[in-house]
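**Q** Okay, here's the structure, questions in a sec.
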Amino acid sequence: MNGRSDPAQTFRDESVELLAELETTLLSLEERPDDRDLLDAAFRALHTLKGSGAMFGFEAAAAFTHHLENAFDQVRKGQLALNSSLIGVALASKDHIRALIESPESADKTEGERLLGLVAQQIGTVETASVSKDVKGGPEAGGEVTWRIRFRLAADALERGTKSSLLLDELRSLGTATVVALTEALPPIEEMDPFRCYVAWDVILTTSQPRTVIEDVFIFVLDDTDLTIEPVDPQSERIGEILVARGEIDGEQVNAVAAEQPKIGQLLVKSGNISEERLHSALAEQKHIRAESEQAKTANSIRVPAERLDDLMDQVGELVIAHARLKQLVSASQDLQIKSVTEEIERLSNSLRDTTMGIRMVPIGSLFSRFRRLVRDLSQELGKDVALTMSGEETELDKTMIERLNDPLIHIIRNSLDHGLEQPQVRQASGKASQGEIHLSARHAGTQVQISIRDDGRGLDRDRIRAKAEQQELIQPGAKISDSELFQLILHPGFSTAAAVTNLSGRGVGMDVVKRAIDSLRGTIDIASTPGAGTVITLGLPLTLAIIDGLLVRVGAGRYVIPLSAVEECVELSQEEDQRNTGRNFLNIRGALVPFIRLRELFGTRDAPAPYPKVVIISTGDRRVGLVVDQVLGDHQTVIKSLSKLHADVENFSGASILGDGTVALIFDIGHLVAFGQSFEAQRDAS
Amino acid sequence: MEADENYMEVDISGDVSFVCSADIHDRLCKALTNGRPVVVDCAGAVNIDLSFIQLLLAARLSAMRRGLPFALKRPVGEALLSALRRDGFLSETPLPNDAFWTGGV
């Protein structure tokens, strides 16, 4: 049994998706309570959670879910109205089900009992809903259908903890079922593997439930189970199958008798209608089509543990490094064949890198949809009417990035809702629609993904932010500063206090936390705001955290990597200009003064300086700073290695990279360097 | 396991769930090698699941091939009957194997 996946963990993993789908469905149902498909989807999700939970030993979750499932069953039958109150209870129950699955021991029992009480209240109110009555086309509308369900579990199903009796109980719970176990594959005991499953089942089920509900019974074993579900047509069924359906005879006997009869192909050959060769050809075609169909069914998608993708990415990273070393070695060679092979390896390595990165990409919609619940709950809490809209949900981003964006986006959205959007009456008084809007959008922009959070609220109050910044001595009184730069100050640690949040009609507590999170992703934050019209916060993020394109530079004997996406241009620092600037550290770039940092001074380098130092101009947002280096070595694709915990406090570097010759190059943290450089500008303003 | 002049009785009681399959498999195989009819007493068996039912059916099949009678000792116990019903080996309508499960000696 070693190496097999833990079925309970598989259930936990899949229940996360199922619960997320349930939440999305419930939120959509709140908007469209008449949508029968949504109602069926919610019921199916609950039904599956209950059935599969029981199957994999999550009895508490299954028992709790059962009550909610009952409530939704009543809604489906028109016995209970679907209103916001029930949706609210269902959403809270969904959270509790998650707790019961993740950690049954520590789940809050009192909360569970409270929720069950609320569900019971809902069911107790039993009002006839107009919703379900009017629905047409649902499975119930057509009455009951009889299905023939044939399935054979995987050979290792018993080892994986699958319990056939629970699957069969689930099917029985859907209607009237006749279950027949088929044992023709069972060998004599001395030949059998006692851990293997040899039994198959035929189930004749008469139910008012749709086919999808039957399929959901098998959802956690579907990948490895031979399963067919087909409706039984009472007009055309063969007598043998009707006998099976009636339970008067079992499937084995019917098969045994049928096997003694000549097959249609044999009859056609015997009658001289076709040759034996043509029959074989047709059978081969039939076999082929079946095999293709089976392959297509199983090849659509597979589930892979995230750690394996991380391992793969690590190995691709090592390959990129190894290739860089090979390339460096080969550069000194005159052997054209070796050069050619090296180029071929480079092409394959790049292709493998792109493919691997592609596998890790996840549509950002999976992240955006999580915020529907947040907006719903928070707007109710604050007494605001808010619509959450989205665009660009299909935009893909590295899965690690998606996870790490969750908290900062929650923070921004919460702030928009809390401080940005006005109360309905205030909005109406200012000529706006009473319903506010938060719009989430994502799009690819070059090697970046841009995520925008836009609200149509009151906008940031420039004067108040300025006053606060001056009070905290972040800027000098009267200093000239653009709106964009001013708004960046709300990201400053400690800028917002509780009092400031109340007084500032803008962004509030904890935006510095957002900045830290985005900085750690090598991202940028731009803030734009129009008084009375709203605020747009745009996050610029790299596509992946694992590999970046960098500019390799030398400072003294050390080599460093500057992320290429931050590099604006490289200019020479002439001796004349260097001397003119001594003590000032500003460079005139086409009429604009750009502060620069002498990295030799910053790093305390004692080697002889280069005669013609270069300045690499880097930027984040509207802010620019120059880095004076001894030499620009060229572009360099960089696999990022994390710094050790000992170096976690070194703010100016975000990681390290291994160069082709095996030496280490540190990677600059652009955000910190720019902020460091900007402090020179602040000093200039002060003077 | 008790040996009798006429038959070999195998007493299987306690936990017979999947984790015990290998042990039960060995005991049934050993019983069948004696060349005498086998009677299995599983009235005291608990935690019965599909793995145990498969073992009994496979042992029966093996005995049939050897020309040896193989039966369950009556009464077989409600735990086994319940498991047989849930897994589709017994139904309200009589099935061919019913005699094996409910007949016995």
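Chain labels A, B, ... are given in the sequence in which chains occur in the structure tokens; within each chain residues are numbered consecutively from 1, and ligands are likewise numbered from 1 in the order shown.
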Please provide as a VMD selection string all residues within 12 Å of Arg372 (chain A), with the sequence filter that same-chain residues fewer than 3 positions apart are discarded (counting only C-alpha atoms).
**A** chain A and resid 20 to 21 23 to 28 30 to 31 91 365 to 369 375 to 379 386 to 390 410 413 to 414 438 to 440
**Q** Could you save the residues just selected, with N, CA, C and O atoms, as a short mmCIF file (atom, residue, chain, number, x, y, z; two decimals), in the first residue's frame?
**A**
data_model
loop_
_atom_site.label_atom_id
_atom_site.label_comp_id
_atom_site.auth_asym_id
_atom_site.auth_seq_id
_atom_site.Cartn_x
_atom_site.Cartn_y
_atom_site.Cartn_z
N ALA A 20 -15.70 25.49 -2.27
CA ALA A 20 -15.55 26.77 -2.98
C ALA A 20 -16.65 26.90 -4.04
O ALA A 20 -17.25 27.97 -4.21
N GLU A 21 -16.92 25.81 -4.73
CA GLU A 21 -17.99 25.82 -5.74
C GLU A 21 -19.34 26.08 -5.07
O GLU A 21 -20.17 26.83 -5.58
N GLU A 23 -19.87 27.72 -2.33
CA GLU A 23 -19.97 29.12 -1.94
C GLU A 23 -20.33 30.00 -3.15
O GLU A 23 -21.22 30.85 -3.07
N THR A 24 -19.64 29.75 -4.26
CA THR A 24 -19.93 30.53 -5.47
C THR A 24 -21.38 30.33 -5.89
O THR A 24 -22.08 31.28 -6.24
N THR A 25 -21.83 29.08 -5.82
CA THR A 25 -23.21 28.78 -6.23
C THR A 25 -24.21 29.47 -5.31
O THR A 25 -25.21 30.04 -5.77
N LEU A 26 -23.94 29.43 -4.02
CA LEU A 26 -24.86 30.07 -3.07
C LEU A 26 -24.94 31.58 -3.30
O LEU A 26 -26.01 32.17 -3.27
N LEU A 27 -23.78 32.18 -3.55
CA LEU A 27 -23.76 33.63 -3.79
C LEU A 27 -24.52 33.97 -5.07
O LEU A 27 -25.23 34.97 -5.14
N SER A 28 -24.35 33.12 -6.08
CA SER A 28 -25.09 33.36 -7.33
C SER A 28 -26.58 33.14 -7.11
O SER A 28 -27.42 33.85 -7.68
N GLU A 30 -28.21 33.75 -4.47
CA GLU A 30 -28.76 34.92 -3.79
C GLU A 30 -29.17 35.99 -4.80
O GLU A 30 -30.15 36.68 -4.62
N GLU A 31 -28.38 36.06 -5.89
CA GLU A 31 -28.70 37.04 -6.93
C GLU A 31 -29.80 36.52 -7.86
O GLU A 31 -30.60 37.27 -8.37
N LEU A 91 -24.23 29.68 3.93
CA LEU A 91 -22.83 30.11 3.79
C LEU A 91 -22.07 29.87 5.10
O LEU A 91 -20.93 29.37 5.10
N GLY A 365 -9.24 33.98 -11.84
CA GLY A 365 -10.66 33.92 -11.48
C GLY A 365 -10.89 33.08 -10.23
O GLY A 365 -11.80 33.35 -9.44
N SER A 366 -10.05 32.05 -10.06
CA SER A 366 -10.19 31.20 -8.88
C SER A 366 -9.93 32.00 -7.60
O SER A 366 -10.46 31.68 -6.54
N LEU A 367 -9.10 33.03 -7.72
CA LEU A 367 -8.83 33.89 -6.57
C LEU A 367 -9.94 34.94 -6.43
O LEU A 367 -10.47 35.17 -5.34
N PHE A 368 -10.28 35.57 -7.55
CA PHE A 368 -11.29 36.63 -7.52
C PHE A 368 -12.60 36.13 -6.91
O PHE A 368 -13.26 36.83 -6.15
N SER A 369 -12.99 34.91 -7.30
CA SER A 369 -14.31 34.43 -6.86
C SER A 369 -14.38 34.28 -5.34
O SER A 369 -15.47 34.28 -4.77
N VAL A 375 -17.20 40.42 0.06
CA VAL A 375 -17.95 41.63 -0.26
C VAL A 375 -19.39 41.52 0.24
O VAL A 375 -19.94 42.46 0.81
N ARG A 376 -19.96 40.34 0.05
CA ARG A 376 -21.34 40.15 0.50
C ARG A 376 -21.46 40.36 2.02
O ARG A 376 -22.29 41.13 2.49
N ASP A 377 -20.61 39.66 2.75
CA ASP A 377 -20.71 39.71 4.21
C ASP A 377 -20.40 41.10 4.75
O ASP A 377 -21.09 41.62 5.61
N LEU A 378 -19.33 41.70 4.18
CA LEU A 378 -18.91 43.00 4.70
C LEU A 378 -19.91 44.10 4.35
O LEU A 378 -20.19 44.99 5.16
N SER A 379 -20.47 44.04 3.15
CA SER A 379 -21.43 45.08 2.77
C SER A 379 -22.69 44.98 3.63
O SER A 379 -23.28 45.99 4.00
N VAL A 386 -23.30 46.93 -2.30
CA VAL A 386 -22.09 46.90 -3.13
C VAL A 386 -22.14 45.75 -4.12
O VAL A 386 -22.47 44.62 -3.76
N ALA A 387 -21.81 46.06 -5.36
CA ALA A 387 -21.72 45.02 -6.38
C ALA A 387 -20.25 44.76 -6.66
O ALA A 387 -19.46 45.69 -6.84
N LEU A 388 -19.88 43.49 -6.67
CA LEU A 388 -18.51 43.13 -7.04
C LEU A 388 -18.52 42.65 -8.48
O LEU A 388 -19.23 41.69 -8.81
N THR A 389 -17.78 43.32 -9.33
CA THR A 389 -17.71 42.90 -10.73
C THR A 389 -16.26 42.53 -11.04
O THR A 389 -15.34 42.95 -10.36
N MET A 390 -16.11 41.73 -12.08
CA MET A 390 -14.77 41.24 -12.41
C MET A 390 -14.58 41.21 -13.93
O MET A 390 -15.53 41.05 -14.68
N ILE A 410 -7.51 40.89 -0.08
CA ILE A 410 -8.57 41.00 0.95
C ILE A 410 -8.45 42.35 1.64
O ILE A 410 -9.44 43.07 1.83
N ILE A 413 -9.57 45.21 -0.71
CA ILE A 413 -11.02 45.21 -0.93
C ILE A 413 -11.75 45.64 0.34
O ILE A 413 -12.70 46.42 0.30
N ARG A 414 -11.27 45.15 1.45
CA ARG A 414 -11.88 45.53 2.73
C ARG A 414 -11.79 47.05 2.93
O ARG A 414 -12.75 47.68 3.34
N ILE A 438 -17.27 47.61 -6.75
CA ILE A 438 -15.85 47.30 -6.69
C ILE A 438 -15.56 46.41 -7.89
O ILE A 438 -16.24 45.39 -8.07
N HIS A 439 -14.61 46.83 -8.67
CA HIS A 439 -14.31 46.05 -9.88
C HIS A 439 -12.90 45.49 -9.80
O HIS A 439 -11.94 46.22 -9.58
N LEU A 440 -12.80 44.19 -9.96
CA LEU A 440 -11.50 43.53 -9.98
C LEU A 440 -11.17 43.18 -11.42
O LEU A 440 -12.01 42.63 -12.13
#
**Q** Do you have, as CSV, the list of residues of chain A lying at most 10 Å from chain B, each with its nearest atom pair and that distance in Å to one decimal, counting only C-alpha atoms and ordered by chain then number?
**A**
residue,atom,partner,partner_atom,distance
A:Leu158,CA,B:Phe18,CA,7.2
A:Glu159,CA,B:Phe18,CA,7.9
A:Gly161,CA,B:Phe18,CA,8.9
A:Lys163,CA,B:Asp49,CA,7.8
A:Ser164,CA,B:Asp87,CA,6.6
A:Ser165,CA,B:Asp87,CA,5.1
A:Leu166,CA,B:Arg86,CA,8.2
A:Leu167,CA,B:Asp87,CA,9.2
A:Leu168,CA,B:Asp87,CA,6.9
A:Asp169,CA,B:Arg86,CA,7.0
A:Arg172,CA,B:Arg86,CA,9.6
A:Thr178,CA,B:Ser91,CA,7.9
A:Val179,CA,B:Gly88,CA,4.9
A:Val180,CA,B:Gly88,CA,4.8
A:Ala181,CA,B:Gly88,CA,5.0
A:Leu182,CA,B:Phe89,CA,8.4
A:Thr183,CA,B:Gln54,CA,8.4
A:Leu186,CA,B:Ala58,CA,6.4
A:Pro187,CA,B:Ala58,CA,6.1
A:Pro188,CA,B:Ser62,CA,4.5
A:Ile189,CA,B:Ala58,CA,4.6
A:Glu190,CA,B:Cys29,CA,6.3
A:Glu191,CA,B:Ala58,CA,8.9
A:Met192,CA,B:Ala58,CA,7.6
A:Asp193,CA,B:Ala22,CA,8.5
A:Pro194,CA,B:Ser21,CA,5.7
A:Phe195,CA,B:Ser21,CA,6.8
A:Arg196,CA,B:Ser51,CA,7.9
A:Cys197,CA,B:Ser51,CA,7.4
A:Tyr198,CA,B:Gln54,CA,7.6
A:Val199,CA,B:Gln54,CA,7.8
A:Ala200,CA,B:Gly88,CA,10.0
A:Trp201,CA,B:Gly88,CA,7.7
A:Asp202,CA,B:Gly88,CA,8.9
A:Val203,CA,B:Gly88,CA,8.8
A:Arg246,CA,B:Thr93,CA,8.5
A:Gly247,CA,B:Thr93,CA,5.7
A:Glu248,CA,B:Thr93,CA,6.2
A:Ile249,CA,B:Leu95,CA,6.7
A:Asp250,CA,B:Leu95,CA,6.5
A:Glu252,CA,B:Pro96,CA,9.5
A:Gln253,CA,B:Pro96,CA,8.8
**Q** Using DSSP assignments from the backbone, pull out every residue in chain B that falls under strand (DSSP E) and give it to me as a count of residues only.
**A** 17
**Q** Running DSSP on the backbone, which parts of region 6-76 of chain B land in alpha helix (DSSP H), as a list in words?
**A**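 Those in region 6-76 of chain B that DSSP calls alpha helix (DSSP H) are Ser21, Ala22, Asp23, Ile24, His25, Asp26, Arg27, Leu28, Cys29, Lys30, Ala31, Leu32, Leu50, Ser51, Phe52, Ile53, Gln54, Leu55, Leu56, Leu57, Ala58, Ala59, Arg60, Leu61, Ser62, Ala63, Met64, Arg65 and Arg66 of chain B.
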**Q** Write to file, as a PDB file, in the first residue's frame, the residues of the selection just made, with N, CA and C atoms.
**A**
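Just written: selection-v6.pdb:
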ATOM      1  N   SER B  21      -7.417  -9.419   6.117  1.00  0.00           N
ATOM      2  CA  SER B  21      -7.644 -10.254   4.931  1.00  0.00           C
ATOM      3  C   SER B  21      -6.562 -11.304   4.733  1.00  0.00           C
ATOM      4  N   ALA B  22      -5.317 -10.879   4.886  1.00  0.00           N
ATOM      5  CA  ALA B  22      -4.219 -11.808   4.606  1.00  0.00           C
ATOM      6  C   ALA B  22      -4.268 -13.009   5.547  1.00  0.00           C
ATOM      7  N   ASP B  23      -4.568 -12.744   6.804  1.00  0.00           N
ATOM      8  CA  ASP B  23      -4.606 -13.814   7.794  1.00  0.00           C
ATOM      9  C   ASP B  23      -5.750 -14.784   7.493  1.00  0.00           C
ATOM     10  N   ILE B  24      -6.920 -14.218   7.201  1.00  0.00           N
ATOM     11  CA  ILE B  24      -8.080 -15.078   6.914  1.00  0.00           C
ATOM     12  C   ILE B  24      -7.834 -15.879   5.633  1.00  0.00           C
ATOM     13  N   HIS B  25      -7.232 -15.240   4.668  1.00  0.00           N
ATOM     14  CA  HIS B  25      -6.888 -15.913   3.403  1.00  0.00           C
ATOM     15  C   HIS B  25      -6.020 -17.138   3.690  1.00  0.00           C
ATOM     16  N   ASP B  26      -5.027 -16.949   4.527  1.00  0.00           N
ATOM     17  CA  ASP B  26      -4.120 -18.054   4.844  1.00  0.00           C
ATOM     18  C   ASP B  26      -4.861 -19.195   5.540  1.00  0.00           C
ATOM     19  N   ARG B  27      -5.731 -18.826   6.454  1.00  0.00           N
ATOM     20  CA  ARG B  27      -6.450 -19.859   7.215  1.00  0.00           C
ATOM     21  C   ARG B  27      -7.387 -20.662   6.312  1.00  0.00           C
ATOM     22  N   LEU B  28      -8.063 -19.976   5.416  1.00  0.00           N
ATOM     23  CA  LEU B  28      -8.989 -20.683   4.525  1.00  0.00           C
ATOM     24  C   LEU B  28      -8.220 -21.565   3.536  1.00  0.00           C
ATOM     25  N   CYS B  29      -7.116 -21.052   3.029  1.00  0.00           N
ATOM     26  CA  CYS B  29      -6.296 -21.841   2.100  1.00  0.00           C
ATOM     27  C   CYS B  29      -5.809 -23.120   2.784  1.00  0.00           C
ATOM     28  N   LYS B  30      -5.355 -22.956   4.013  1.00  0.00           N
ATOM     29  CA  LYS B  30      -4.824 -24.083   4.759  1.00  0.00           C
ATOM     30  C   LYS B  30      -5.917 -25.130   5.004  1.00  0.00           C
ATOM     31  N   ALA B  31      -7.124 -24.643   5.335  1.00  0.00           N
ATOM     32  CA  ALA B  31      -8.237 -25.558   5.607  1.00  0.00           C
ATOM     33  C   ALA B  31      -8.586 -26.379   4.376  1.00  0.00           C
ATOM     34  N   LEU B  32      -8.460 -25.741   3.215  1.00  0.00           N
ATOM     35  CA  LEU B  32      -8.851 -26.414   1.972  1.00  0.00           C
ATOM     36  C   LEU B  32      -7.832 -27.466   1.533  1.00  0.00           C
ATOM     37  N   LEU B  50     -16.423  -5.990   2.277  1.00  0.00           N
ATOM     38  CA  LEU B  50     -16.382  -6.740   1.019  1.00  0.00           C
ATOM     39  C   LEU B  50     -15.217  -7.731   0.975  1.00  0.00           C
ATOM     40  N   SER B  51     -14.115  -7.377   1.581  1.00  0.00           N
ATOM     41  CA  SER B  51     -12.935  -8.246   1.498  1.00  0.00           C
ATOM     42  C   SER B  51     -13.243  -9.624   2.099  1.00  0.00           C
ATOM     43  N   PHE B  52     -13.997  -9.650   3.178  1.00  0.00           N
ATOM     44  CA  PHE B  52     -14.323 -10.927   3.820  1.00  0.00           C
ATOM     45  C   PHE B  52     -15.302 -11.736   2.963  1.00  0.00           C
ATOM     46  N   ILE B  53     -16.275 -11.040   2.393  1.00  0.00           N
ATOM     47  CA  ILE B  53     -17.252 -11.742   1.544  1.00  0.00           C
ATOM     48  C   ILE B  53     -16.541 -12.365   0.349  1.00  0.00           C
ATOM     49  N   GLN B  54     -15.614 -11.606  -0.240  1.00  0.00           N
ATOM     50  CA  GLN B  54     -14.836 -12.130  -1.382  1.00  0.00           C
ATOM     51  C   GLN B  54     -14.069 -13.395  -0.985  1.00  0.00           C
ATOM     52  N   LEU B  55     -13.492 -13.352   0.201  1.00  0.00           N
ATOM     53  CA  LEU B  55     -12.690 -14.497   0.648  1.00  0.00           C
ATOM     54  C   LEU B  55     -13.561 -15.749   0.779  1.00  0.00           C
ATOM     55  N   LEU B  56     -14.746 -15.579   1.344  1.00  0.00           N
ATOM     56  CA  LEU B  56     -15.632 -16.740   1.500  1.00  0.00           C
ATOM     57  C   LEU B  56     -16.050 -17.288   0.135  1.00  0.00           C
ATOM     58  N   LEU B  57     -16.374 -16.369  -0.782  1.00  0.00           N
ATOM     59  CA  LEU B  57     -16.805 -16.827  -2.111  1.00  0.00           C
ATOM     60  C   LEU B  57     -15.656 -17.499  -2.863  1.00  0.00           C
ATOM     61  N   ALA B  58     -14.462 -16.946  -2.725  1.00  0.00           N
ATOM     62  CA  ALA B  58     -13.306 -17.521  -3.407  1.00  0.00           C
ATOM     63  C   ALA B  58     -12.961 -18.893  -2.818  1.00  0.00           C
ATOM     64  N   ALA B  59     -13.116 -19.007  -1.511  1.00  0.00           N
ATOM     65  CA  ALA B  59     -12.853 -20.301  -0.865  1.00  0.00           C
ATOM     66  C   ALA B  59     -13.880 -21.331  -1.331  1.00  0.00           C
ATOM     67  N   ARG B  60     -15.102 -20.876  -1.446  1.00  0.00           N
ATOM     68  CA  ARG B  60     -16.155 -21.773  -1.922  1.00  0.00           C
ATOM     69  C   ARG B  60     -15.858 -22.253  -3.344  1.00  0.00           C
ATOM     70  N   LEU B  61     -15.431 -21.304  -4.173  1.00  0.00           N
ATOM     71  CA  LEU B  61     -15.107 -21.639  -5.559  1.00  0.00           C
ATOM     72  C   LEU B  61     -13.969 -22.658  -5.609  1.00  0.00           C
ATOM     73  N   SER B  62     -12.991 -22.434  -4.777  1.00  0.00           N
ATOM     74  CA  SER B  62     -11.844 -23.330  -4.726  1.00  0.00           C
ATOM     75  C   SER B  62     -12.281 -24.732  -4.286  1.00  0.00           C
ATOM     76  N   ALA B  63     -13.158 -24.763  -3.272  1.00  0.00           N
ATOM     77  CA  ALA B  63     -13.640 -26.055  -2.779  1.00  0.00           C
ATOM     78  C   ALA B  63     -14.425 -26.794  -3.857  1.00  0.00           C
ATOM     79  N   MET B  64     -15.232 -26.035  -4.605  1.00  0.00           N
ATOM     80  CA  MET B  64     -16.037 -26.645  -5.670  1.00  0.00           C
ATOM     81  C   MET B  64     -15.116 -27.276  -6.716  1.00  0.00           C
ATOM     82  N   ARG B  65     -14.037 -26.577  -7.059  1.00  0.00           N
ATOM     83  CA  ARG B  65     -13.107 -27.113  -8.066  1.00  0.00           C
ATOM     84  C   ARG B  65     -12.420 -28.388  -7.567  1.00  0.00           C
ATOM     85  N   ARG B  66     -12.255 -28.442  -6.248  1.00  0.00           N
ATOM     86  CA  ARG B  66     -11.626 -29.632  -5.674  1.00  0.00           C
ATOM     87  C   ARG B  66     -12.652 -30.730  -5.382  1.00  0.00           C
TER      88      ARG B  66
END
